[in-house]
Every structure is written in structure tokens, then in C-alpha cells.
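Below is one structure; the comments refer to it alone.
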Amino acid sequence: MADELSAKSVSNAVSKANFAPRGVPIITGVNRVGLLALYMKEVRRFLKVQTQTIWAPAVTTLLFLVIFTVALGRGGREVLGVEFASFVAPGLIVMGMMQNAFANSSFSLLSGKIQGTIIDLLMPPLSPGELMAGIVAAAVTRAVAVGCTVAVAMILWPDVTLGMEHAWAIVWFGLMGAIMLALLGLATSIWAEKFDHNAAITNFIIAPLSLLSGTFYVIDNLAPAFQAVSRANPFFYVISGFRYGFLGESDIGTSSAVIAAAAGLAMFNLLMAVAVYFVLRSGWKLKS
């Protein structure tokens, strides 16, 4: 009897020493280990199929450049003071970055819902903010990888000259575009119930906004009504601001207008992040 009481007292002492009381969180602050594990999981997921997720977009984007250069760039045509190919190249780079950021984050939760493995993301001790940060950071990483690959492919094209007039604009607008589409992709992943829903957003929202954002033209050539529509498109500011970093010229307007657009994109992304955070925290379409 004395041995049993001694064993129980030892067990209770060990429990009190190693475990917090029930209901008291053990992890306080940011769960850095869990956040890093989620980030690495998402990065390794797209690196396993890097031929499809990184190299294929570079080839597709280069084909865009070839087609539009041959179709519209003959005869030494210049836009914003540079050859047409050099004008188009920055827009194609950041367009590829944005589209792949969306593709990466829009697959994360949707694949778990369809395969029945969503619990693997919801059960770990990660807050909604940490879950969102890990997925968005991985999507931005893929966007940067695609952007660098596409840029190398563009440089190899003989008619393209990529200078660097304003490095801050290249970095800022590239990151803002990638974060914006990563957040939109995460929101789509929460809402979608099947891959058709994801494809609908890609085909009817992302693709039109990308192609009608001034990637292949300057909006000054459009009628006033269509110029107003273009200026309401956030993709326009990302692409034109990113192009400003390479060429030093943009159809946004003066340098002050470009800086205002940079601040506006930051505010827009902040509002999107807050909205996605509250939807993710509510468990809508994720928890049943």
C-alpha cells in the first residue's frame, strides 16, 4: 500500500512538473516551429513538381513574349521610349508571379477538403494568423522563384533589355502583387468545394484582370471610359509599378503617383488580409 501511494505521488509530481494545467496554453506568442513546419511543407509540395510549378510558367510566359513581339513589335515599334519586347517583359514577369502565387495558395486548403486531410491543417497548434502567414509566405516564395526564372528566360531573348532604374519598385510591387494574389487564392481555397470552383475564379476573374491590366499596352491608347476601368483594376498598378522599376517610366503617372499606388496596394493588401483572417478564424466551410 505504501509503495502504491509512493508511486502515485511520484506520478503526480512528474505530471505537475512537465504538464500545464488543463486549459492553459503551453505555447505562448508565435508558434515559430509550427509556422516554419507549415511553410516548409507548402514549399516542398510545389518543389516536388517544380517542372510544372516553376519551369513550365517560364516557358509559357516566354511564348507570350514571342507571340506578341512577332505580332505587334515589328518595324522597331517603341512604347514608353523602349522596344516593344522590353516594354512587355516586366509585365509578363510580374503577371507570372501573381498567377502562380494564386495557384499555390488556392490549392492548399482545397486539396485538404477534397482529400479529407483538412484536419492535418486545423488540428496542429497554429492560430488562424499563423496558418494564413505560412500559406501566404509559401505562395510568395513560389512567385519569387517563378519571377526569377521568367526574368532569366526574358534576358536570353535577344530583343529584351532589362535594366534596373528603381530597385525599390521592382521589389515592392512584385511582393505586393504576389501577396495580393496569395490572399485571394487563400480566400478561394476556403470558399471552393471542388476544383471547378477554383478554375472558375482563375478563368473568369484572374485571367481577365491579368490580360486587361496594361501588360501589352499603355492605357493612354484606350478610350476614356476604358481608361477608368483599367485604373479600377488593382492588377494595373502592380504591373505598371513593376514596369516602372525597370524602365523608369509608367502609365500610372509621375513618380508621386507611383508612390501613391505603392501605398494604395499596401492598404488594399492589409484590408484583404484582415478579411481573410476573420473568415479563416470563423471556420467557414472548413469546420463542420
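Labels used: A, B, ... for chains in the order of the C-alpha cells, numbers from 1 for residues in each chain, and numbers from 1 for ligands as shown.
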
I need the residues of region 32-191 of chain A that end up classed as helix (DSSP H, G or I) by DSSP on the backbone, written out as JSON, numbers by chain.
{"A": [32, 33, 34, 35, 36, 37, 38, 39, 40, 41, 42, 43, 44, 45, 46, 47, 50, 51, 52, 53, 54, 55, 56, 57, 58, 59, 60, 61, 62, 63, 64, 65, 66, 67, 68, 69, 70, 71, 72, 84, 85, 86, 87, 88, 89, 90, 91, 92, 93, 94, 95, 96, 97, 98, 99, 100, 101, 102, 103, 104, 105, 106, 107, 108, 109, 110, 111, 112, 113, 114, 115, 119, 120, 121, 122, 128, 129, 130, 131, 132, 133, 134, 135, 136, 137, 138, 139, 140, 141, 142, 143, 144, 145, 146, 147, 148, 149, 150, 151, 152, 153, 154, 155, 156, 167, 168, 169, 170, 171, 172, 173, 174, 175, 176, 177, 178, 179, 180, 181, 182, 183, 184, 185, 186, 187, 188, 189, 190, 191]}

So that I can see what lies close to Lys113 (chain A), please list as a list in words the residues with an atom at most 8 Å from it, counting only C-alpha atoms and leaving out residues fewer than 5 positions away in the same chain.
Ile118, Glu193 and Leu286 of chain A

What does the file look like for those residues with N, CA and C atoms, as an mmCIF file, in the first residue's frame?
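File produced: out_9.cif:
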data_model
loop_
_atom_site.group_PDB
_atom_site.id
_atom_site.type_symbol
_atom_site.label_atom_id
_atom_site.label_comp_id
_atom_site.auth_asym_id
_atom_site.auth_seq_id
_atom_site.Cartn_x
_atom_site.Cartn_y
_atom_site.Cartn_z
ATOM 1 N N ILE A 118 -8.014 17.816 -44.382
ATOM 2 C CA ILE A 118 -8.010 19.184 -43.877
ATOM 3 C C ILE A 118 -7.725 19.234 -42.386
ATOM 4 N N GLU A 193 -15.390 24.333 -53.009
ATOM 5 C CA GLU A 193 -15.687 22.977 -52.550
ATOM 6 C C GLU A 193 -15.193 21.919 -53.527
ATOM 7 N N LEU A 286 -14.786 25.169 -43.407
ATOM 8 C CA LEU A 286 -13.627 24.366 -43.023
ATOM 9 C C LEU A 286 -13.948 23.419 -41.889
#

Looking at A:Pro124, A:Leu109, A:Ile252, A:Arg77, which one is nearest to Val33 (chain A), with distances taken over only C-alpha atoms?
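Looking only at the distances to Val33 (chain A), the closest residue turns out to be A:Pro124.
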
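For the pair CA of Phe195 (chain A) and CA of Met98 (chain A), the interatomic distance is 19.2 Å.
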
I need the residue nearest Ser105 (chain A) from this list: A:Val30, A:Val49, A:Ala138, A:Leu131. Use only C-alpha atoms for the distance.
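Of A:Val30, A:Val49, A:Ala138, A:Leu131, the one nearest Ser105 (chain A), counting only C-alpha atoms, is A:Ala138.
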
Identify, with DSSP run on backbone atoms, the residues in region 17-132 of chain A assigned to strand (DSSP E or B), and express the list as a list in words.
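DSSP on the backbone gives strand (DSSP E or B) at Glu78, Val79, Val82 and Glu83 of chain A.
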
If I take CA of Gly174 (chain A) and CA of Cys148 (chain A), how far is one from the other in Å, to one decimal?
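Computed distance, CA of Gly174 (chain A) to CA of Cys148 (chain A), equals 11.0 Å.
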
Take CA of Leu63 (chain A) and CA of Gly185 (chain A) and report the distance between them in Å, one decimal.
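Separation between CA of Leu63 (chain A) and CA of Gly185 (chain A): 25.0 Å.
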
Name all residues at most 9 Å from Leu212 (chain A) (count only C-alpha atoms; drop same-chain ones fewer than 2 positions away) and give them as an mmCIF file with C-alpha atoms, in the first residue's frame.
data_model
loop_
_atom_site.group_PDB
_atom_site.id
_atom_site.type_symbol
_atom_site.label_atom_id
_atom_site.label_comp_id
_atom_site.auth_asym_id
_atom_site.auth_seq_id
_atom_site.Cartn_x
_atom_site.Cartn_y
_atom_site.Cartn_z
ATOM 1 C CA ALA A 207 -7.122 35.741 -66.286
ATOM 2 C CA PRO A 208 -9.247 38.710 -67.467
ATOM 3 C CA LEU A 209 -7.821 41.050 -64.832
ATOM 4 C CA SER A 210 -4.291 39.981 -65.797
ATOM 5 C CA GLY A 214 -1.909 47.070 -69.401
ATOM 6 C CA THR A 215 0.547 44.219 -69.770
ATOM 7 C CA PHE A 216 0.644 44.545 -73.557
ATOM 8 C CA SER A 230 -8.247 49.982 -66.126
ATOM 9 C CA ASN A 233 -8.125 47.245 -61.727
ATOM 10 C CA PHE A 235 -3.532 44.444 -61.352
ATOM 11 C CA PHE A 236 -2.860 47.558 -63.440
#

Surrounding residues of Asn100 (chain A) excluding itself and chain neighbours under 6 positions, 10 Å, only C-alpha atoms, as an NGL selection string:
:A and (53-54 or 57 or 94 or 106 or 139-147 or 178 or 181-182 or 185)

Next, the residues of the selection above should be written as a JSON list (two decimals), in the first residue's frame with N, CA and C atoms.
[["chain", "number", "residue", "atom", "x", "y", "z"],
["A", 53, "THR", "N", 5.44, 23.61, -61.69],
["A", 53, "THR", "CA", 5.13, 24.80, -60.91],
["A", 53, "THR", "C", 6.09, 25.97, -61.14],
["A", 54, "ILE", "N", 7.29, 25.71, -61.61],
["A", 54, "ILE", "CA", 8.28, 26.78, -61.79],
["A", 54, "ILE", "C", 8.75, 26.90, -63.23],
["A", 57, "PRO", "N", 5.76, 27.63, -66.14],
["A", 57, "PRO", "CA", 5.34, 29.03, -66.29],
["A", 57, "PRO", "C", 6.36, 29.89, -67.04],
["A", 94, "VAL", "N", 5.85, 39.87, -63.80],
["A", 94, "VAL", "CA", 5.02, 40.01, -62.60],
["A", 94, "VAL", "C", 3.67, 39.33, -62.78],
["A", 106, "SER", "N", -4.33, 28.78, -53.52],
["A", 106, "SER", "CA", -5.70, 28.32, -53.76],
["A", 106, "SER", "C", -5.81, 26.80, -53.70],
["A", 139, "ALA", "N", 3.34, 30.77, -50.89],
["A", 139, "ALA", "CA", 2.88, 31.22, -52.20],
["A", 139, "ALA", "C", 3.78, 32.33, -52.74],
["A", 140, "VAL", "N", 4.19, 33.25, -51.87],
["A", 140, "VAL", "CA", 5.09, 34.32, -52.29],
["A", 140, "VAL", "C", 6.46, 33.75, -52.68],
["A", 141, "THR", "N", 6.90, 32.73, -51.97],
["A", 141, "THR", "CA", 8.17, 32.07, -52.32],
["A", 141, "THR", "C", 8.11, 31.48, -53.72],
["A", 142, "ARG", "N", 7.00, 30.82, -54.03],
["A", 142, "ARG", "CA", 6.84, 30.27, -55.37],
["A", 142, "ARG", "C", 6.80, 31.40, -56.40],
["A", 143, "ALA", "N", 6.12, 32.49, -56.08],
["A", 143, "ALA", "CA", 6.04, 33.62, -57.01],
["A", 143, "ALA", "C", 7.42, 34.19, -57.30],
["A", 144, "VAL", "N", 8.24, 34.35, -56.27],
["A", 144, "VAL", "CA", 9.59, 34.88, -56.45],
["A", 144, "VAL", "C", 10.43, 33.93, -57.30],
["A", 145, "ALA", "N", 10.30, 32.62, -57.05],
["A", 145, "ALA", "CA", 11.05, 31.64, -57.83],
["A", 145, "ALA", "C", 10.64, 31.69, -59.30],
["A", 146, "VAL", "N", 9.33, 31.79, -59.54],
["A", 146, "VAL", "CA", 8.85, 31.89, -60.93],
["A", 146, "VAL", "C", 9.32, 33.19, -61.56],
["A", 147, "GLY", "N", 9.26, 34.30, -60.81],
["A", 147, "GLY", "CA", 9.69, 35.58, -61.34],
["A", 147, "GLY", "C", 11.15, 35.57, -61.74],
["A", 178, "ALA", "N", 2.30, 39.61, -55.46],
["A", 178, "ALA", "CA", 2.30, 38.21, -55.04],
["A", 178, "ALA", "C", 1.45, 38.02, -53.78],
["A", 181, "LEU", "N", -2.40, 38.25, -54.64],
["A", 181, "LEU", "CA", -2.95, 37.05, -55.26],
["A", 181, "LEU", "C", -2.88, 35.85, -54.33],
["A", 182, "ALA", "N", -1.88, 35.82, -53.44],
["A", 182, "ALA", "CA", -1.82, 34.74, -52.46],
["A", 182, "ALA", "C", -3.01, 34.82, -51.50],
["A", 185, "GLY", "N", -6.06, 33.80, -53.40],
["A", 185, "GLY", "CA", -6.05, 32.35, -53.56],
["A", 185, "GLY", "C", -6.46, 31.64, -52.29]]
